[in-house]
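What's in coords11.cif: mmCIF, C-alpha atoms
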```cif
data_query
loop_
_atom_site.group_PDB
_atom_site.id
_atom_site.type_symbol
_atom_site.label_atom_id
_atom_site.label_comp_id
_atom_site.auth_asym_id
_atom_site.auth_seq_id
_atom_site.Cartn_x
_atom_site.Cartn_y
_atom_site.Cartn_z
ATOM 1 C CA MET A 1 -56.289 -222.964 -4.914
ATOM 2 C CA ALA A 2 -55.475 -226.421 -6.272
ATOM 3 C CA GLY A 3 -52.388 -227.088 -8.355
ATOM 4 C CA ARG A 4 -52.492 -227.121 -12.120
ATOM 5 C CA ILE A 5 -50.434 -227.984 -15.185
ATOM 6 C CA ASP A 6 -49.034 -224.848 -16.810
ATOM 7 C CA GLU A 7 -48.870 -225.736 -20.517
ATOM 8 C CA THR A 8 -46.737 -222.655 -21.227
ATOM 9 C CA LEU A 9 -43.789 -224.191 -19.340
ATOM 10 C CA PRO A 10 -41.424 -226.788 -20.820
ATOM 11 C CA PHE A 11 -41.913 -230.457 -19.967
ATOM 12 C CA HIS A 12 -38.818 -232.150 -18.527
ATOM 13 C CA PRO A 13 -39.051 -235.942 -18.978
ATOM 14 C CA LEU A 14 -37.812 -238.092 -16.122
ATOM 15 C CA ASN A 15 -35.851 -241.316 -16.386
ATOM 16 C CA ILE A 16 -37.974 -243.859 -14.541
ATOM 17 C CA ALA A 17 -37.411 -247.530 -13.678
ATOM 18 C CA VAL A 18 -40.222 -249.936 -12.740
ATOM 19 C CA LEU A 19 -39.811 -252.808 -10.289
ATOM 20 C CA THR A 20 -42.523 -255.433 -9.854
ATOM 21 C CA ILE A 21 -42.286 -257.357 -6.588
ATOM 22 C CA SER A 22 -44.070 -260.689 -6.839
ATOM 23 C CA ASP A 23 -43.555 -264.387 -6.306
ATOM 24 C CA THR A 24 -46.006 -265.275 -9.065
ATOM 25 C CA ARG A 25 -45.761 -262.766 -11.905
ATOM 26 C CA ASP A 26 -43.559 -262.851 -14.972
ATOM 27 C CA GLU A 27 -43.321 -260.564 -18.004
ATOM 28 C CA THR A 28 -46.450 -262.069 -19.553
ATOM 29 C CA THR A 29 -48.618 -261.701 -16.421
ATOM 30 C CA ASP A 30 -47.233 -258.454 -14.981
ATOM 31 C CA THR A 31 -50.198 -256.194 -15.679
ATOM 32 C CA SER A 32 -49.338 -253.837 -12.810
ATOM 33 C CA GLY A 33 -45.800 -253.138 -13.974
ATOM 34 C CA GLY A 34 -47.134 -252.937 -17.522
ATOM 35 C CA THR A 35 -49.667 -250.321 -16.463
ATOM 36 C CA LEU A 36 -46.966 -248.167 -14.882
ATOM 37 C CA VAL A 37 -44.761 -248.503 -17.975
ATOM 38 C CA GLU A 38 -47.646 -247.571 -20.259
ATOM 39 C CA ARG A 39 -48.629 -244.571 -18.120
ATOM 40 C CA LEU A 40 -45.128 -243.162 -17.717
ATOM 41 C CA THR A 41 -44.172 -243.517 -21.385
ATOM 42 C CA THR A 42 -47.502 -242.078 -22.569
ATOM 43 C CA ALA A 43 -46.829 -239.091 -20.289
ATOM 44 C CA GLY A 44 -43.511 -238.527 -22.086
ATOM 45 C CA HIS A 45 -41.099 -239.942 -19.522
ATOM 46 C CA VAL A 46 -38.308 -242.394 -20.379
ATOM 47 C CA LEU A 47 -38.344 -246.020 -19.187
ATOM 48 C CA LYS A 48 -34.778 -246.662 -17.971
ATOM 49 C CA GLY A 49 -35.312 -250.176 -16.670
ATOM 50 C CA LYS A 50 -37.869 -252.789 -15.740
ATOM 51 C CA ALA A 51 -37.439 -255.831 -13.547
ATOM 52 C CA ILE A 52 -39.417 -258.396 -11.589
ATOM 53 C CA VAL A 53 -38.084 -259.731 -8.282
ATOM 54 C CA HIS A 54 -39.468 -262.069 -5.653
ATOM 55 C CA ASP A 55 -40.926 -260.824 -2.365
ATOM 56 C CA GLU A 56 -37.564 -261.055 -0.621
ATOM 57 C CA VAL A 57 -35.823 -258.201 1.178
ATOM 58 C CA ASP A 58 -32.406 -258.897 -0.362
ATOM 59 C CA ALA A 59 -33.771 -259.219 -3.909
ATOM 60 C CA ILE A 60 -35.709 -255.962 -3.620
ATOM 61 C CA ARG A 61 -32.804 -254.025 -2.110
ATOM 62 C CA SER A 62 -30.320 -255.408 -4.598
ATOM 63 C CA GLN A 63 -32.272 -254.187 -7.621
ATOM 64 C CA LEU A 64 -33.096 -250.841 -6.035
ATOM 65 C CA LYS A 65 -29.449 -250.208 -5.147
ATOM 66 C CA ILE A 66 -28.452 -250.765 -8.788
ATOM 67 C CA TRP A 67 -30.919 -248.125 -9.950
ATOM 68 C CA VAL A 68 -30.166 -245.706 -7.089
ATOM 69 C CA GLN A 69 -26.468 -245.831 -8.046
ATOM 70 C CA ASP A 70 -27.275 -245.213 -11.716
ATOM 71 C CA PRO A 71 -27.099 -241.463 -12.421
ATOM 72 C CA ASP A 72 -29.460 -241.990 -15.369
ATOM 73 C CA VAL A 73 -32.364 -243.092 -13.114
ATOM 74 C CA ASP A 74 -34.309 -240.247 -11.486
ATOM 75 C CA VAL A 75 -37.279 -242.174 -10.104
ATOM 76 C CA VAL A 76 -38.125 -245.800 -9.319
ATOM 77 C CA LEU A 77 -41.721 -247.007 -9.161
ATOM 78 C CA THR A 78 -42.324 -250.302 -7.377
ATOM 79 C CA THR A 79 -45.511 -252.312 -7.425
ATOM 80 C CA GLY A 80 -46.320 -255.125 -5.039
ATOM 81 C CA GLY A 81 -45.417 -256.285 -1.575
ATOM 82 C CA THR A 82 -47.054 -253.424 0.317
ATOM 83 C CA GLY A 83 -49.854 -255.394 1.957
ATOM 84 C CA PHE A 84 -50.048 -257.456 5.121
ATOM 85 C CA SER A 85 -49.492 -261.006 3.940
ATOM 86 C CA PRO A 86 -46.430 -262.680 5.450
ATOM 87 C CA ARG A 87 -44.582 -262.376 2.095
ATOM 88 C CA ASP A 88 -45.237 -258.620 1.733
ATOM 89 C CA VAL A 89 -41.880 -257.086 2.676
ATOM 90 C CA THR A 90 -41.496 -254.078 0.384
ATOM 91 C CA PRO A 91 -41.624 -251.421 3.153
ATOM 92 C CA GLU A 92 -39.149 -253.404 5.266
ATOM 93 C CA ALA A 93 -36.804 -253.696 2.278
ATOM 94 C CA VAL A 94 -37.078 -250.106 1.090
ATOM 95 C CA LYS A 95 -37.288 -247.909 4.197
ATOM 96 C CA PRO A 96 -33.675 -248.527 5.287
ATOM 97 C CA LEU A 97 -32.529 -247.167 1.894
ATOM 98 C CA PHE A 98 -34.258 -243.812 2.440
ATOM 99 C CA ARG A 99 -32.360 -240.788 3.643
ATOM 100 C CA ARG A 100 -35.697 -238.969 3.652
ATOM 101 C CA GLU A 101 -39.219 -240.325 3.684
ATOM 102 C CA LEU A 102 -41.936 -238.586 1.670
ATOM 103 C CA GLU A 103 -44.759 -239.122 4.163
ATOM 104 C CA GLY A 104 -47.219 -237.018 2.188
ATOM 105 C CA PHE A 105 -47.240 -239.527 -0.670
ATOM 106 C CA SER A 106 -48.827 -242.194 1.500
ATOM 107 C CA VAL A 107 -51.455 -239.746 2.742
ATOM 108 C CA VAL A 108 -52.350 -238.490 -0.740
ATOM 109 C CA PHE A 109 -52.330 -242.008 -2.224
ATOM 110 C CA HIS A 110 -54.722 -243.223 0.481
ATOM 111 C CA LEU A 111 -57.026 -240.246 -0.006
ATOM 112 C CA ALA A 112 -57.085 -240.899 -3.760
ATOM 113 C CA SER A 113 -57.651 -244.635 -3.442
ATOM 114 C CA LEU A 114 -60.332 -244.138 -0.798
ATOM 115 C CA GLY A 115 -62.498 -242.899 -3.660
ATOM 116 C CA THR A 116 -61.930 -246.035 -5.740
ATOM 117 C CA VAL A 117 -61.585 -248.914 -3.245
ATOM 118 C CA GLY A 118 -63.042 -247.403 -0.083
ATOM 119 C CA VAL A 119 -61.609 -248.362 3.275
ATOM 120 C CA ALA A 120 -59.753 -251.280 1.670
ATOM 121 C CA THR A 121 -57.028 -248.667 1.143
ATOM 122 C CA LEU A 122 -56.114 -249.288 4.795
ATOM 123 C CA GLN A 123 -54.635 -252.629 3.719
ATOM 124 C CA SER A 124 -51.862 -250.864 1.781
ATOM 125 C CA ARG A 125 -48.549 -249.726 3.180
ATOM 126 C CA ALA A 126 -47.771 -247.507 0.169
ATOM 127 C CA LEU A 127 -44.731 -245.335 0.780
ATOM 128 C CA ALA A 128 -42.184 -243.088 -0.883
ATOM 129 C CA GLY A 129 -38.865 -241.494 -0.140
ATOM 130 C CA GLN A 130 -35.483 -240.431 -1.391
ATOM 131 C CA ALA A 131 -32.558 -242.851 -1.549
ATOM 132 C CA GLU A 132 -29.502 -240.730 -2.272
ATOM 133 C CA ASP A 133 -30.848 -238.489 -5.091
ATOM 134 C CA THR A 134 -33.341 -241.041 -6.462
ATOM 135 C CA PHE A 135 -37.005 -240.929 -5.523
ATOM 136 C CA ILE A 136 -38.726 -244.262 -4.906
ATOM 137 C CA PHE A 137 -42.497 -244.702 -4.871
ATOM 138 C CA CYS A 138 -43.912 -248.026 -3.640
ATOM 139 C CA VAL A 139 -47.512 -248.826 -4.526
ATOM 140 C CA PRO A 140 -49.685 -251.924 -4.171
ATOM 141 C CA GLY A 141 -49.505 -254.757 -6.679
ATOM 142 C CA SER A 142 -52.988 -254.495 -8.118
ATOM 143 C CA THR A 143 -53.394 -252.978 -11.546
ATOM 144 C CA GLY A 144 -56.126 -250.702 -10.175
ATOM 145 C CA ALA A 145 -53.816 -249.395 -7.455
ATOM 146 C CA CYS A 146 -51.162 -248.656 -10.079
ATOM 147 C CA ARG A 147 -53.732 -246.761 -12.143
ATOM 148 C CA ASP A 148 -54.825 -244.793 -9.060
ATOM 149 C CA ALA A 149 -51.234 -244.039 -8.055
ATOM 150 C CA TRP A 150 -50.298 -242.768 -11.508
ATOM 151 C CA ASP A 151 -53.539 -241.096 -12.600
ATOM 152 C CA LEU A 152 -54.460 -239.493 -9.282
ATOM 153 C CA VAL A 153 -51.067 -238.665 -7.761
ATOM 154 C CA LEU A 154 -47.880 -239.306 -9.726
ATOM 155 C CA ALA A 155 -48.894 -237.905 -13.111
ATOM 156 C CA GLU A 156 -48.978 -234.394 -11.692
ATOM 157 C CA GLU A 157 -46.227 -234.751 -9.104
ATOM 158 C CA LEU A 158 -43.779 -236.003 -11.752
ATOM 159 C CA ASP A 159 -44.773 -233.373 -14.334
ATOM 160 C CA SER A 160 -42.345 -230.429 -14.351
ATOM 161 C CA ARG A 161 -45.148 -228.106 -15.471
ATOM 162 C CA PHE A 162 -47.231 -228.714 -12.341
ATOM 163 C CA ARG A 163 -47.606 -225.593 -10.239
ATOM 164 C CA PRO A 164 -46.989 -224.403 -7.640
ATOM 165 C CA CYS A 165 -44.099 -226.888 -7.953
ATOM 166 C CA SER A 166 -43.442 -230.543 -8.739
ATOM 167 C CA LEU A 167 -41.007 -233.021 -7.277
ATOM 168 C CA VAL A 168 -38.996 -232.693 -10.493
ATOM 169 C CA GLY A 169 -37.342 -229.565 -9.112
ATOM 170 C CA GLN A 170 -35.769 -231.680 -6.356
ATOM 171 C CA ILE A 171 -33.894 -233.916 -8.786
ATOM 172 C CA PRO A 172 -30.275 -232.749 -9.190
ATOM 173 C CA ARG A 173 -30.288 -232.303 -12.962
ATOM 174 C CA PHE A 174 -33.498 -230.245 -12.745
ATOM 175 C CA ARG A 175 -32.830 -228.194 -9.608
ATOM 176 C CA GLY A 176 -33.865 -224.609 -10.035
ATOM 177 C CA ILE A 177 -36.792 -225.184 -12.424
ATOM 178 C CA CYS A 178 -39.321 -224.318 -9.704
ATOM 179 C CA PRO A 179 -39.544 -220.670 -8.707
#
```
Write out the structure in this file as structure tokens.
Amino acid sequence: MAGRIDETLPFHPLNIAVLTISDTRDETTDTSGGTLVERLTTAGHVLKGKAIVHDEVDAIRSQLKIWVQDPDVDVVLTTGGTGFSPRDVTPEAVKPLFRRELEGFSVVFHLASLGTVGVATLQSRALAGQAEDTFIFCVPGSTGACRDAWDLVLAEELDSRFRPCSLVGQIPRFRGICP
């Protein structure tokens, strides 16, 4: 039986930060980060921060470490830098921060995006994991990939009403909400 949203349960909004990783985008051209912000706030979550950094390991890690150390940030969504161009270094920057990797996210994201972009999904190194108590999800930089990631995977996984259980129950301030 597939999972479902149980509308009889309370919704617990998450505090989410969005990081766009790009050498070319700014606030006026960041449609991918904008899509994630729009999706998460429409879902009822709280935007706790938004930033754009260049495709540089130190810049990515520096911003992520700020949010991971902030007890008011539960989840970080990154967009960009997950491909195979020489400047795409998001996985290299983020993986060393993880104490646990969430391998299933990559699998589910690729299955979902297979339906929208076909085998081009192979060109993404989408990943997720837990840095201290903060979950980080890294998705490709295209607006379509951000839509797929949110609409087909994250919307349910970050909804406390999702059953049999959502990732929300693994966040310290929400531990114990899943049976």
Self-check item: Contact residues around Glu92 of chain A with only C-alpha atoms at 12 Å, ignoring same-chain residues under 5 positions, as a list of chain:residue names
Solution: A:Asp55, A:Glu56, A:Val57, A:Asp58, A:Ile60, A:Arg61, A:Gly81, A:Thr82, A:Gly83, A:Phe84, A:Pro86, A:Arg87, A:Leu97, A:Phe98, A:Arg125, A:Ala126, A:Leu127, A:Cys138
Item to check | Residue neighbourhood Gly3 of chain A, 7 Å, only C-alpha atoms, exclusion window fewer than 5 positions, as an NGL selection string | outcome: :A and (162-164)
Would you translate the PyMOL selection byres ((chain A and resi 172) around 12) into the concrete set of residues it matches in this file, as a ChimeraX atom specification?
/A:14,71-75,132-135,167-171,173-177
Answer key for the PyMOL selection byres ((chain A and resi 136) around 6), residues as an MDAnalysis selection string:
chainID A and resid 75:77 128:129 135 137
Can you tell me which residues surround Val117 of chain A at a distance of at most 12 Å, considering all atoms listed in the file, apart from same-chain residues fewer than 6 positions away, and format the answer as a JSON list (two decimals) with C-alpha atoms, keeping the file's coordinate frame?
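That gives us result-v1.json:
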```
[["chain", "number", "residue", "atom", "x", "y", "z"],
["A", 109, "PHE", "CA", -52.33, -242.01, -2.22],
["A", 110, "HIS", "CA", -54.72, -243.22, 0.48],
["A", 111, "LEU", "CA", -57.03, -240.25, -0.01],
["A", 123, "GLN", "CA", -54.64, -252.63, 3.72],
["A", 124, "SER", "CA", -51.86, -250.86, 1.78],
["A", 142, "SER", "CA", -52.99, -254.50, -8.12],
["A", 144, "GLY", "CA", -56.13, -250.70, -10.18],
["A", 145, "ALA", "CA", -53.82, -249.40, -7.46],
["A", 148, "ASP", "CA", -54.82, -244.79, -9.06]]
```
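Of note, atom CA of Thr90 of chain A and atom CA of Val18 of chain A are spaced 13.8 Å apart.
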#### Entry: Point-to-point distance from atom CA of Ala112 of chain A to atom CA of Trp67 of chain A, Å rounded to tenths
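Here the two named atoms are 27.8 Å from each other.
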- Restricting the calculation to all atoms listed in the file, which member of A:Ile66, A:Ala149, A:Ala17, A:Ala93 is positioned closest to Val107 of chain A?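 Ranked by minimum distance to Val107 of chain A, first place goes to A:Ala149.
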Target residues per the PyMOL selection byres ((chain A and resi 147) around 12), formatted as a PyMOL selection string = chain A and resi 31-40+79+109+112-113+116+139-146+148-155
Option closest in space to Glu103 of chain A, from A:Asp23, A:Gln130, A:Gly118, A:Asp30 [counting only C-alpha atoms]: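 Selected residue with least distance to Glu103 of chain A: A:Gln130.
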Produce the centre coordinates and the three edge lengths, each in Å to one decimal, of the box along x, y and z that contains all listed atoms of segment 10-29 of chain A with 8 Å added on each side, as lines of an AutoDock Vina configuration file.
```
center_x = -42.2
center_y = -246.0
center_z = -13.6
size_x = 28.8
size_y = 54.5
size_z = 30.5
```
Atom CA of Thr8 of chain A to atom CA of Thr41 of chain A measures 21.0 Å
